[in-house]
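Undergrad: For reference, the file coords_24.cif (mmCIF, C-alpha atoms and all ligand atoms) is included below:
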data_my_file
loop_
_atom_site.group_PDB
_atom_site.id
_atom_site.type_symbol
_atom_site.label_atom_id
_atom_site.label_comp_id
_atom_site.auth_asym_id
_atom_site.auth_seq_id
_atom_site.Cartn_x
_atom_site.Cartn_y
_atom_site.Cartn_z
ATOM 1 C CA MET A 1 101.475 72.098 104.212
ATOM 2 C CA ASN A 2 103.023 75.239 102.737
ATOM 3 C CA ILE A 3 100.758 78.247 102.723
ATOM 4 C CA THR A 4 102.129 79.211 99.296
ATOM 5 C CA ASN A 5 103.064 77.407 96.110
ATOM 6 C CA ASP A 6 105.662 74.674 96.834
ATOM 7 C CA LYS A 7 107.835 75.675 93.876
ATOM 8 C CA VAL A 8 107.974 79.261 95.097
ATOM 9 C CA THR A 9 108.827 78.108 98.625
ATOM 10 C CA ASP A 10 111.562 75.781 97.336
ATOM 11 C CA TYR A 11 113.017 78.607 95.300
ATOM 12 C CA ILE A 12 112.985 81.001 98.268
ATOM 13 C CA TYR A 13 114.579 78.322 100.456
ATOM 14 C CA SER A 14 117.337 77.796 97.860
ATOM 15 C CA LEU A 15 118.366 81.403 98.491
ATOM 16 C CA TYR A 16 118.512 80.975 102.265
ATOM 17 C CA ARG A 17 121.948 81.342 103.840
ATOM 18 C CA PRO A 18 122.418 80.547 107.551
ATOM 19 C CA LEU A 19 124.085 83.325 109.528
ATOM 20 C CA ASN A 20 126.812 80.966 110.744
ATOM 21 C CA GLU A 21 127.761 77.298 110.885
ATOM 22 C CA LYS A 22 126.594 76.851 114.489
ATOM 23 C CA LEU A 23 123.121 78.051 113.573
ATOM 24 C CA ALA A 24 123.050 75.732 110.563
ATOM 25 C CA LEU A 25 123.827 72.803 112.881
ATOM 26 C CA LEU A 26 121.245 73.907 115.452
ATOM 27 C CA ARG A 27 118.561 74.230 112.763
ATOM 28 C CA ALA A 28 119.449 70.764 111.466
ATOM 29 C CA GLU A 29 119.202 69.353 115.009
ATOM 30 C CA GLY A 30 115.869 71.089 115.596
ATOM 31 C CA GLU A 31 114.404 69.853 112.328
ATOM 32 C CA LYS A 32 115.657 66.315 112.963
ATOM 33 C CA ARG A 33 113.964 66.315 116.378
ATOM 34 C CA HIS A 34 110.790 67.914 114.937
ATOM 35 C CA VAL A 35 111.197 70.974 117.140
ATOM 36 C CA PRO A 36 109.046 73.720 115.564
ATOM 37 C CA VAL A 37 111.864 76.209 114.916
ATOM 38 C CA ILE A 38 111.108 79.257 112.744
ATOM 39 C CA LEU A 39 110.950 78.585 109.016
ATOM 40 C CA ARG A 40 113.763 79.851 106.800
ATOM 41 C CA ASP A 41 111.870 82.725 105.197
ATOM 42 C CA SER A 42 110.479 83.831 108.593
ATOM 43 C CA GLU A 43 114.027 83.842 109.911
ATOM 44 C CA THR A 44 115.393 86.007 107.111
ATOM 45 C CA MET A 45 112.508 88.435 107.495
ATOM 46 C CA LEU A 46 113.179 88.797 111.233
ATOM 47 C CA VAL A 47 116.882 89.304 110.545
ATOM 48 C CA SER A 48 116.016 92.052 108.030
ATOM 49 C CA MET A 49 113.730 93.662 110.617
ATOM 50 C CA ILE A 50 116.582 93.714 113.124
ATOM 51 C CA GLU A 51 118.787 95.473 110.547
ATOM 52 C CA MET A 52 115.984 97.970 109.778
ATOM 53 C CA ASN A 53 114.735 98.693 113.293
ATOM 54 C CA ARG A 54 118.003 98.270 115.207
ATOM 55 C CA PRO A 55 116.219 97.256 118.437
ATOM 56 C CA ALA A 56 117.976 97.815 121.759
ATOM 57 C CA ALA A 57 115.818 95.214 123.514
ATOM 58 C CA ILE A 58 114.064 92.154 122.064
ATOM 59 C CA LEU A 59 111.598 89.879 123.840
ATOM 60 C CA GLU A 60 110.772 86.418 122.528
ATOM 61 C CA ILE A 61 107.815 84.424 123.810
ATOM 62 C CA GLY A 62 108.510 80.734 123.158
ATOM 63 C CA THR A 63 112.200 79.718 123.118
ATOM 64 C CA ALA A 64 111.974 75.950 122.446
ATOM 65 C CA ILE A 65 115.640 74.864 122.059
ATOM 66 C CA GLY A 66 116.836 78.451 121.576
ATOM 67 C CA TYR A 67 117.213 78.474 117.795
ATOM 68 C CA SER A 68 115.467 81.778 117.009
ATOM 69 C CA ALA A 69 117.013 83.460 120.071
ATOM 70 C CA ALA A 70 120.439 82.396 118.758
ATOM 71 C CA VAL A 71 119.508 83.842 115.346
ATOM 72 C CA PHE A 72 118.565 87.158 116.972
ATOM 73 C CA SER A 73 121.834 87.135 118.865
ATOM 74 C CA ALA A 74 123.895 86.550 115.700
ATOM 75 C CA ALA A 75 121.882 89.105 113.695
ATOM 76 C CA CYS A 76 122.339 91.806 116.354
ATOM 77 C CA THR A 77 126.056 91.119 116.677
ATOM 78 C CA ARG A 78 126.470 91.228 112.896
ATOM 79 C CA ALA A 79 124.598 94.547 112.789
ATOM 80 C CA GLY A 80 126.960 95.951 115.440
ATOM 81 C CA LEU A 81 124.133 96.226 117.974
ATOM 82 C CA ASP A 82 124.443 95.846 121.724
ATOM 83 C CA THR A 83 120.891 94.464 121.899
ATOM 84 C CA LYS A 84 119.628 92.698 125.017
ATOM 85 C CA ILE A 85 117.573 89.638 124.036
ATOM 86 C CA THR A 86 115.190 88.062 126.542
ATOM 87 C CA THR A 87 113.443 84.797 125.748
ATOM 88 C CA VAL A 88 110.804 83.006 127.838
ATOM 89 C CA GLU A 89 110.090 79.267 127.778
ATOM 90 C CA ILE A 90 107.491 77.358 129.801
ATOM 91 C CA ASP A 91 108.590 73.789 129.057
ATOM 92 C CA PRO A 92 111.397 72.702 131.436
ATOM 93 C CA LEU A 93 112.867 70.178 128.982
ATOM 94 C CA TYR A 94 113.079 72.697 126.140
ATOM 95 C CA ALA A 95 114.401 75.310 128.577
ATOM 96 C CA ALA A 96 117.200 72.934 129.601
ATOM 97 C CA ASP A 97 118.188 72.445 125.942
ATOM 98 C CA ALA A 98 117.974 76.178 125.308
ATOM 99 C CA GLU A 99 120.166 76.910 128.315
ATOM 100 C CA LYS A 100 122.920 74.770 126.773
ATOM 101 C CA ASN A 101 122.463 76.160 123.275
ATOM 102 C CA LEU A 102 122.465 79.781 124.450
ATOM 103 C CA ALA A 103 125.181 79.435 127.117
ATOM 104 C CA ASP A 104 127.918 81.121 125.046
ATOM 105 C CA LEU A 105 125.757 84.052 123.949
ATOM 106 C CA GLY A 106 126.288 86.991 126.273
ATOM 107 C CA ASN A 107 123.408 89.028 124.828
ATOM 108 C CA VAL A 108 120.656 86.452 125.512
ATOM 109 C CA ARG A 109 118.824 85.938 128.808
ATOM 110 C CA LEU A 110 116.566 82.883 129.168
ATOM 111 C CA ILE A 111 113.651 83.058 131.582
ATOM 112 C CA ARG A 112 111.836 79.881 132.558
ATOM 113 C CA GLY A 113 108.114 80.183 133.083
ATOM 114 C CA ASP A 114 104.786 81.246 131.626
ATOM 115 C CA ALA A 115 105.385 84.315 129.469
ATOM 116 C CA CYS A 116 101.934 85.696 130.367
ATOM 117 C CA LYS A 117 102.820 85.739 134.045
ATOM 118 C CA VAL A 118 106.334 87.043 133.437
ATOM 119 C CA MET A 119 105.054 89.910 131.275
ATOM 120 C CA ASN A 120 102.222 90.661 133.674
ATOM 121 C CA GLU A 121 104.720 91.141 136.493
ATOM 122 C CA TRP A 122 106.856 93.466 134.351
ATOM 123 C CA GLY A 123 103.830 95.313 132.973
ATOM 124 C CA SER A 124 102.443 96.231 136.362
ATOM 125 C CA ASP A 125 105.158 98.828 136.960
ATOM 126 C CA ARG A 126 105.932 99.521 133.268
ATOM 127 C CA GLN A 127 109.651 99.477 134.005
ATOM 128 C CA VAL A 128 110.556 97.001 131.262
ATOM 129 C CA ILE A 129 110.185 98.100 127.641
ATOM 130 C CA PHE A 130 111.036 96.281 124.412
ATOM 131 C CA ASP A 131 111.561 97.582 120.883
ATOM 132 C CA MET A 132 110.689 94.255 119.287
ATOM 133 C CA ILE A 133 108.552 91.411 120.646
ATOM 134 C CA PHE A 134 108.329 88.059 118.875
ATOM 135 C CA ILE A 135 105.339 85.913 119.845
ATOM 136 C CA ASP A 136 105.909 82.274 118.902
ATOM 137 C CA ALA A 137 104.175 80.154 121.558
ATOM 138 C CA ALA A 138 100.791 78.478 122.216
ATOM 139 C CA LYS A 139 98.554 79.568 119.330
ATOM 140 C CA SER A 140 95.318 79.677 121.310
ATOM 141 C CA HIS A 141 96.841 82.171 123.768
ATOM 142 C CA TYR A 142 97.980 84.828 121.287
ATOM 143 C CA ARG A 143 95.405 87.340 122.507
ATOM 144 C CA GLU A 144 96.668 87.000 126.100
ATOM 145 C CA PHE A 145 100.303 87.269 124.971
ATOM 146 C CA TRP A 146 99.456 90.334 122.887
ATOM 147 C CA ASP A 147 97.572 92.124 125.673
ATOM 148 C CA GLU A 148 100.505 91.663 128.051
ATOM 149 C CA ALA A 149 103.122 92.416 125.374
ATOM 150 C CA VAL A 150 101.517 95.724 124.378
ATOM 151 C CA LYS A 151 102.085 97.040 127.925
ATOM 152 C CA LEU A 152 105.829 96.544 127.387
ATOM 153 C CA THR A 153 106.096 98.645 124.223
ATOM 154 C CA HIS A 154 106.580 102.265 123.202
ATOM 155 C CA PRO A 155 105.414 104.036 120.023
ATOM 156 C CA GLY A 156 107.487 102.493 117.241
ATOM 157 C CA SER A 157 107.935 99.114 118.937
ATOM 158 C CA VAL A 158 107.107 96.156 116.726
ATOM 159 C CA ILE A 159 105.193 93.009 117.708
ATOM 160 C CA VAL A 160 105.647 90.061 115.353
ATOM 161 C CA CYS A 161 103.463 86.948 115.681
ATOM 162 C CA ASP A 162 104.442 83.681 114.004
ATOM 163 C CA ASN A 163 102.322 80.822 112.602
ATOM 164 C CA ILE A 164 99.212 82.935 112.344
ATOM 165 C CA LEU A 165 97.949 81.149 109.216
ATOM 166 C CA MET A 166 98.482 77.705 110.799
ATOM 167 C CA GLN A 167 99.218 75.854 107.541
ATOM 168 C CA ALA A 168 96.398 77.788 105.824
ATOM 169 C CA ARG A 169 93.766 76.494 108.265
ATOM 170 C CA THR A 170 93.127 80.009 109.588
ATOM 171 C CA ALA A 171 92.142 81.115 106.098
ATOM 172 C CA ASP A 172 89.961 78.104 105.288
ATOM 173 C CA GLU A 173 88.896 75.275 107.588
ATOM 174 C CA SER A 174 88.808 72.798 104.685
ATOM 175 C CA TYR A 175 92.579 72.523 105.307
ATOM 176 C CA ASP A 176 91.705 71.126 108.738
ATOM 177 C CA GLU A 177 90.711 67.799 107.230
ATOM 178 C CA ARG A 178 90.107 65.926 110.491
ATOM 179 C CA GLY A 179 88.587 68.873 112.328
ATOM 180 C CA ARG A 180 91.286 68.714 114.994
ATOM 181 C CA PHE A 181 92.043 72.430 114.972
ATOM 182 C CA THR A 182 88.548 73.918 115.250
ATOM 183 C CA THR A 183 89.287 75.668 118.551
ATOM 184 C CA ASN A 184 92.688 76.947 117.433
ATOM 185 C CA ILE A 185 91.180 78.273 114.199
ATOM 186 C CA LYS A 186 88.441 80.072 116.127
ATOM 187 C CA TYR A 187 90.911 81.675 118.565
ATOM 188 C CA MET A 188 93.367 82.639 115.821
ATOM 189 C CA ARG A 189 90.660 84.247 113.685
ATOM 190 C CA GLU A 190 89.394 86.207 116.697
ATOM 191 C CA PHE A 191 92.945 87.265 117.461
ATOM 192 C CA LEU A 192 93.657 88.415 113.901
ATOM 193 C CA ASN A 193 90.393 90.367 113.799
ATOM 194 C CA TYR A 194 91.375 91.934 117.100
ATOM 195 C CA ILE A 195 94.840 93.092 116.009
ATOM 196 C CA ALA A 196 93.698 94.090 112.496
ATOM 197 C CA SER A 197 91.323 96.623 114.041
ATOM 198 C CA TYR A 198 93.461 97.489 117.077
ATOM 199 C CA GLU A 199 93.575 101.292 117.261
ATOM 200 C CA GLY A 200 96.981 101.423 118.880
ATOM 201 C CA ALA A 201 98.886 99.575 116.157
ATOM 202 C CA VAL A 202 99.259 99.290 112.388
ATOM 203 C CA THR A 203 99.223 95.611 111.407
ATOM 204 C CA SER A 204 100.173 93.659 108.274
ATOM 205 C CA ILE A 205 99.296 90.006 107.792
ATOM 206 C CA LEU A 206 101.925 88.349 105.608
ATOM 207 C CA PRO A 207 102.082 84.925 103.906
ATOM 208 C CA VAL A 208 105.697 84.446 105.038
ATOM 209 C CA GLY A 209 106.675 81.111 106.554
ATOM 210 C CA ASP A 210 103.543 79.825 108.274
ATOM 211 C CA GLY A 211 102.036 83.328 108.268
ATOM 212 C CA MET A 212 103.351 86.292 110.225
ATOM 213 C CA SER A 213 101.765 89.471 111.513
ATOM 214 C CA ILE A 214 103.779 92.631 111.952
ATOM 215 C CA SER A 215 102.281 95.297 114.173
ATOM 216 C CA VAL A 216 103.882 98.671 114.679
ATOM 217 C CA ILE A 217 102.745 100.320 117.899
ATOM 218 C CA ARG A 218 101.497 103.895 117.433
HETATM 219 C C1 LIG B 1 107.140 77.215 118.105
HETATM 220 S S1 LIG B 1 108.021 76.883 119.560
HETATM 221 C C2 LIG B 1 109.199 78.167 119.623
HETATM 222 C C3 LIG B 1 110.254 78.045 118.567
HETATM 223 C C4 LIG B 1 111.377 79.053 118.683
HETATM 224 N N1 LIG B 1 110.858 80.415 118.752
HETATM 225 C C5 LIG B 1 112.275 78.922 117.490
HETATM 226 O O1 LIG B 1 111.878 79.384 116.395
HETATM 227 O O2 LIG B 1 113.363 78.368 117.637
HETATM 228 C C6 LIG B 1 106.873 77.379 120.783
HETATM 229 C C7 LIG B 1 107.402 77.287 122.202
HETATM 230 O O3 LIG B 1 106.558 78.068 123.047
HETATM 231 C C8 LIG B 1 106.535 77.464 124.320
HETATM 232 N N2 LIG B 1 105.385 78.010 125.073
HETATM 233 C C9 LIG B 1 104.082 77.684 124.948
HETATM 234 N N3 LIG B 1 103.333 78.406 125.804
HETATM 235 C C10 LIG B 1 104.184 79.216 126.485
HETATM 236 C C11 LIG B 1 104.013 80.188 127.507
HETATM 237 N N4 LIG B 1 102.804 80.464 128.011
HETATM 238 N N5 LIG B 1 105.108 80.828 127.978
HETATM 239 C C12 LIG B 1 106.341 80.530 127.483
HETATM 240 N N6 LIG B 1 106.573 79.619 126.507
HETATM 241 C C13 LIG B 1 105.498 78.979 126.018
HETATM 242 C C14 LIG B 1 106.458 75.980 124.001
HETATM 243 O O4 LIG B 1 106.841 75.185 125.084
HETATM 244 C C15 LIG B 1 107.400 75.889 122.782
HETATM 245 O O5 LIG B 1 108.702 75.553 123.183
#
Starting from the coordinates I provided, produce the structure as structure tokens.
TA:
Amino acid sequence: MNITNDKVTDYIYSLYRPLNEKLALLRAEGEKRHVPVILRDSETMLVSMIEMNRPAAILEIGTAIGYSAAVFSAACTRAGLDTKITTVEIDPLYAADAEKNLADLGNVRLIRGDACKVMNEWGSDRQVIFDMIFIDAAKSHYREFWDEAVKLTHPGSVIVCDNILMQARTADESYDERGRFTTNIKYMREFLNYIASYEGAVTSILPVGDGMSISVIR
């Protein structure tokens, strides 16, 4: 289900232009295989953020087949940026696909493993810092991802979380018709309350794509 009016979404999608032909093909492959790649309007917003913030280092949590990491790569190259993009994937099958899809992109590094553990190891010595962190992985673990991610930021870094409205279920459980997402809804609401009142960041909750939060670290 769209979280906004279908006609509005269709209209916005009609204005979407892929950054290049390879990305168009990769999106088509992802959608055909039902891989949950970022939605078109989420993608364009992230690309705009890259142009605005000009990050030197981006971290993505949740690579899947590498579509969004490839978008970041193309967006940074187009913006004339020498950005280092790191993406972490826990699922070995997705990681194998991503490795192939990202092989030609010199500015992307794929790490296999649990992003919580990976970030925790980096965070312990605070040697690794990112200007932009995109959280797009297991919804019930967003709080854990956030708490590790924050340690890898500086004032002005941005943390973006995807799918926070979970097809509107976060806003109203009547959209969870079979009651299958009760736990996810609970965790996501707790997480959004947590970041909305988090002293160290300024957060916006936006009805873009499947819902996105943008938090600027203070
Ligand atoms: C929504 S998909 C990512 C889509 C991708 N960002 C894109 O738009 O092309 C979420 C991915 O997060 C991965 N994931 C889930 N928990 C994870 C964790 N703890 N560490 C790393 N990856 C994780 C899943 O295996 C899945 O591939």
Undergrad: List every residue of chain A that has an atom at most 7 Å from any atom of ligand LIG 1 (chain B), giving for each one its closest atom pair and the distance in Å to one decimal, counting only C-alpha atoms and all ligand atoms, sorted by chain and then by ascending residue number, as CSV.
TA:
residue,atom,partner,partner_atom,distance
A:Pro36,CA,B:LIG1,C1,4.7
A:Val37,CA,B:LIG1,O1,3.5
A:Ile38,CA,B:LIG1,O1,3.7
A:Ile61,CA,B:LIG1,C12,5.6
A:Gly62,CA,B:LIG1,O3,3.3
A:Thr63,CA,B:LIG1,C4,4.6
A:Ala64,CA,B:LIG1,O5,3.4
A:Ile65,CA,B:LIG1,O2,6.1
A:Gly66,CA,B:LIG1,O2,5.3
A:Tyr67,CA,B:LIG1,O2,3.9
A:Ser68,CA,B:LIG1,O2,4.1
A:Ala69,CA,B:LIG1,O2,6.7
A:Val88,CA,B:LIG1,C12,5.1
A:Glu89,CA,B:LIG1,N6,3.8
A:Ile90,CA,B:LIG1,C12,4.1
A:Asp91,CA,B:LIG1,O4,4.6
A:Tyr94,CA,B:LIG1,O5,6.0
A:Gly113,CA,B:LIG1,C12,5.9
A:Asp114,CA,B:LIG1,N5,3.7
A:Ala115,CA,B:LIG1,N5,3.8
A:Cys116,CA,B:LIG1,N4,5.8
A:Asp136,CA,B:LIG1,C1,5.3
A:Ala137,CA,B:LIG1,O3,3.5
A:Ala138,CA,B:LIG1,C9,4.4
Undergrad: When the PyMOL selection byres (((chain A and resi 105) around 12) and not hetatm) is applied to the structure above, which residues does it catch, written out as a PyMOL selection string?
TA: chain A and resi 22+66-67+69-74+76-77+83-86+98-104+106-110
Undergrad: If I take CA of Ser213 in chain A and CA of Ala96 in chain A, how far is one from the other in Å, to one decimal?
TA: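 Between these atoms lies a distance of 29.0 Å.
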Undergrad: Would you please work out which residue, of A:Val35, A:Val160, A:Ala95, A:Ile3, is nearest to Asp210 in chain A when using all atoms listed in the file?
TA: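 Of the candidates, the smallest distance to Asp210 in chain A is held by A:Ile3.
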Undergrad: For Leu19 in chain A, which residue among A:Met132, A:Ala168, A:Ala75, A:Ile205 is the nearest when counting all atoms listed in the file?
TA: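 Checking each candidate against Leu19 in chain A, we get A:Ala75 as the closest.
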Undergrad: Between A:Trp146, A:Tyr175, A:Tyr11, A:Tyr16, which has the minimum distance to Asp41 in chain A (counting only C-alpha atoms)?
TA: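 Answer, going by the shortest atom-to-atom distance: A:Tyr16.
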Undergrad: With 12 Å as the threshold, what does the neighbourhood of (115.9, 87.2, 103.6) contain in terms of residues, counting all atoms listed in the file? Coordinates are those of the file; answer as a list in words.
TA: Ile12, Tyr13, Ser14, Leu15, Tyr16, Arg17, Pro18, Leu19, Leu39, Arg40, Asp41, Ser42, Glu43, Thr44, Met45, Leu46, Val47, Ser48, Met49, Ile50, Glu51, Ala75, Val208 and Gly209 of chain A
Undergrad: Store the residues picked out above in a file with C-alpha atoms, as a short mmCIF file (atom, residue, chain, number, x, y, z; two decimals), in the frame of the given file.
TA:
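The file below, again.cif, is the result:
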data_model
loop_
_atom_site.label_atom_id
_atom_site.label_comp_id
_atom_site.auth_asym_id
_atom_site.auth_seq_id
_atom_site.Cartn_x
_atom_site.Cartn_y
_atom_site.Cartn_z
CA ILE A 12 112.98 81.00 98.27
CA TYR A 13 114.58 78.32 100.46
CA SER A 14 117.34 77.80 97.86
CA LEU A 15 118.37 81.40 98.49
CA TYR A 16 118.51 80.97 102.26
CA ARG A 17 121.95 81.34 103.84
CA PRO A 18 122.42 80.55 107.55
CA LEU A 19 124.08 83.32 109.53
CA LEU A 39 110.95 78.58 109.02
CA ARG A 40 113.76 79.85 106.80
CA ASP A 41 111.87 82.72 105.20
CA SER A 42 110.48 83.83 108.59
CA GLU A 43 114.03 83.84 109.91
CA THR A 44 115.39 86.01 107.11
CA MET A 45 112.51 88.44 107.50
CA LEU A 46 113.18 88.80 111.23
CA VAL A 47 116.88 89.30 110.54
CA SER A 48 116.02 92.05 108.03
CA MET A 49 113.73 93.66 110.62
CA ILE A 50 116.58 93.71 113.12
CA GLU A 51 118.79 95.47 110.55
CA ALA A 75 121.88 89.10 113.70
CA VAL A 208 105.70 84.45 105.04
CA GLY A 209 106.68 81.11 106.55
#
Undergrad: Do you know which residues are at most 12 Å from Arg143 in chain A counting only C-alpha atoms, after dropping those on the same chain fewer than 2 positions away, and could you put them as a list in words?
TA: Cys116, Ile135, Ala137, Ala138, Lys139, Ser140, His141, Phe145, Trp146, Asp147, Glu148, Ala149, Val150, Cys161, Ile164, Asn184, Lys186, Tyr187, Met188, Arg189, Glu190, Phe191, Leu192, Asn193, Tyr194, Ile195 and Tyr198 of chain A
Undergrad: Go through A:Ala196, A:Thr9, A:Ser124, A:Met166 one by one, measure the shortest atom-to-atom distance of each to Thr182 in chain A using only C-alpha atoms, and give the residue with the smallest value.
TA: A:Met166
Undergrad: Please compute the CA of Ala24 in chain A-CA of Arg78 in chain A distance, one decimal, in Å.
TA: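 Computed distance, CA of Ala24 in chain A to CA of Arg78 in chain A, equals 16.0 Å.
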Undergrad: Set the distance at 10 Å and use all atoms listed in the file: which residues neighbour Ile217 in chain A once local chain neighbours fewer than 5 positions away are removed? I'd like the list as a ChimeraX atom specification.
TA: /A:131,150,153-159,198-203
Undergrad: Which polymer residues have any atom within 6 Å of an atom of Ile133 in chain A, counting all atoms listed in the file, with same-chain residues fewer than 3 positions away left out, as an mmCIF file with C-alpha atoms, keeping the file's coordinate frame?
TA:
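Saved as selection.cif:
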data_model
loop_
_atom_site.group_PDB
_atom_site.id
_atom_site.type_symbol
_atom_site.label_atom_id
_atom_site.label_comp_id
_atom_site.auth_asym_id
_atom_site.auth_seq_id
_atom_site.Cartn_x
_atom_site.Cartn_y
_atom_site.Cartn_z
ATOM 1 C CA ILE A 58 114.064 92.154 122.064
ATOM 2 C CA LEU A 59 111.598 89.879 123.840
ATOM 3 C CA GLU A 60 110.772 86.418 122.528
ATOM 4 C CA ILE A 159 105.193 93.009 117.708
#
Undergrad: What does the distance from CA of Thr87 in chain A to CA of Phe130 in chain A come to in Å, to one decimal?
TA: 11.8 Å
Undergrad: Counting all atoms listed in the file, which of A:Ile214, A:Ala79, A:Leu25, A:Ile111 gets nearest to Pro92 in chain A?
TA: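 Of A:Ile214, A:Ala79, A:Leu25, A:Ile111, the one nearest Pro92 in chain A, counting all atoms listed in the file, is A:Ile111.
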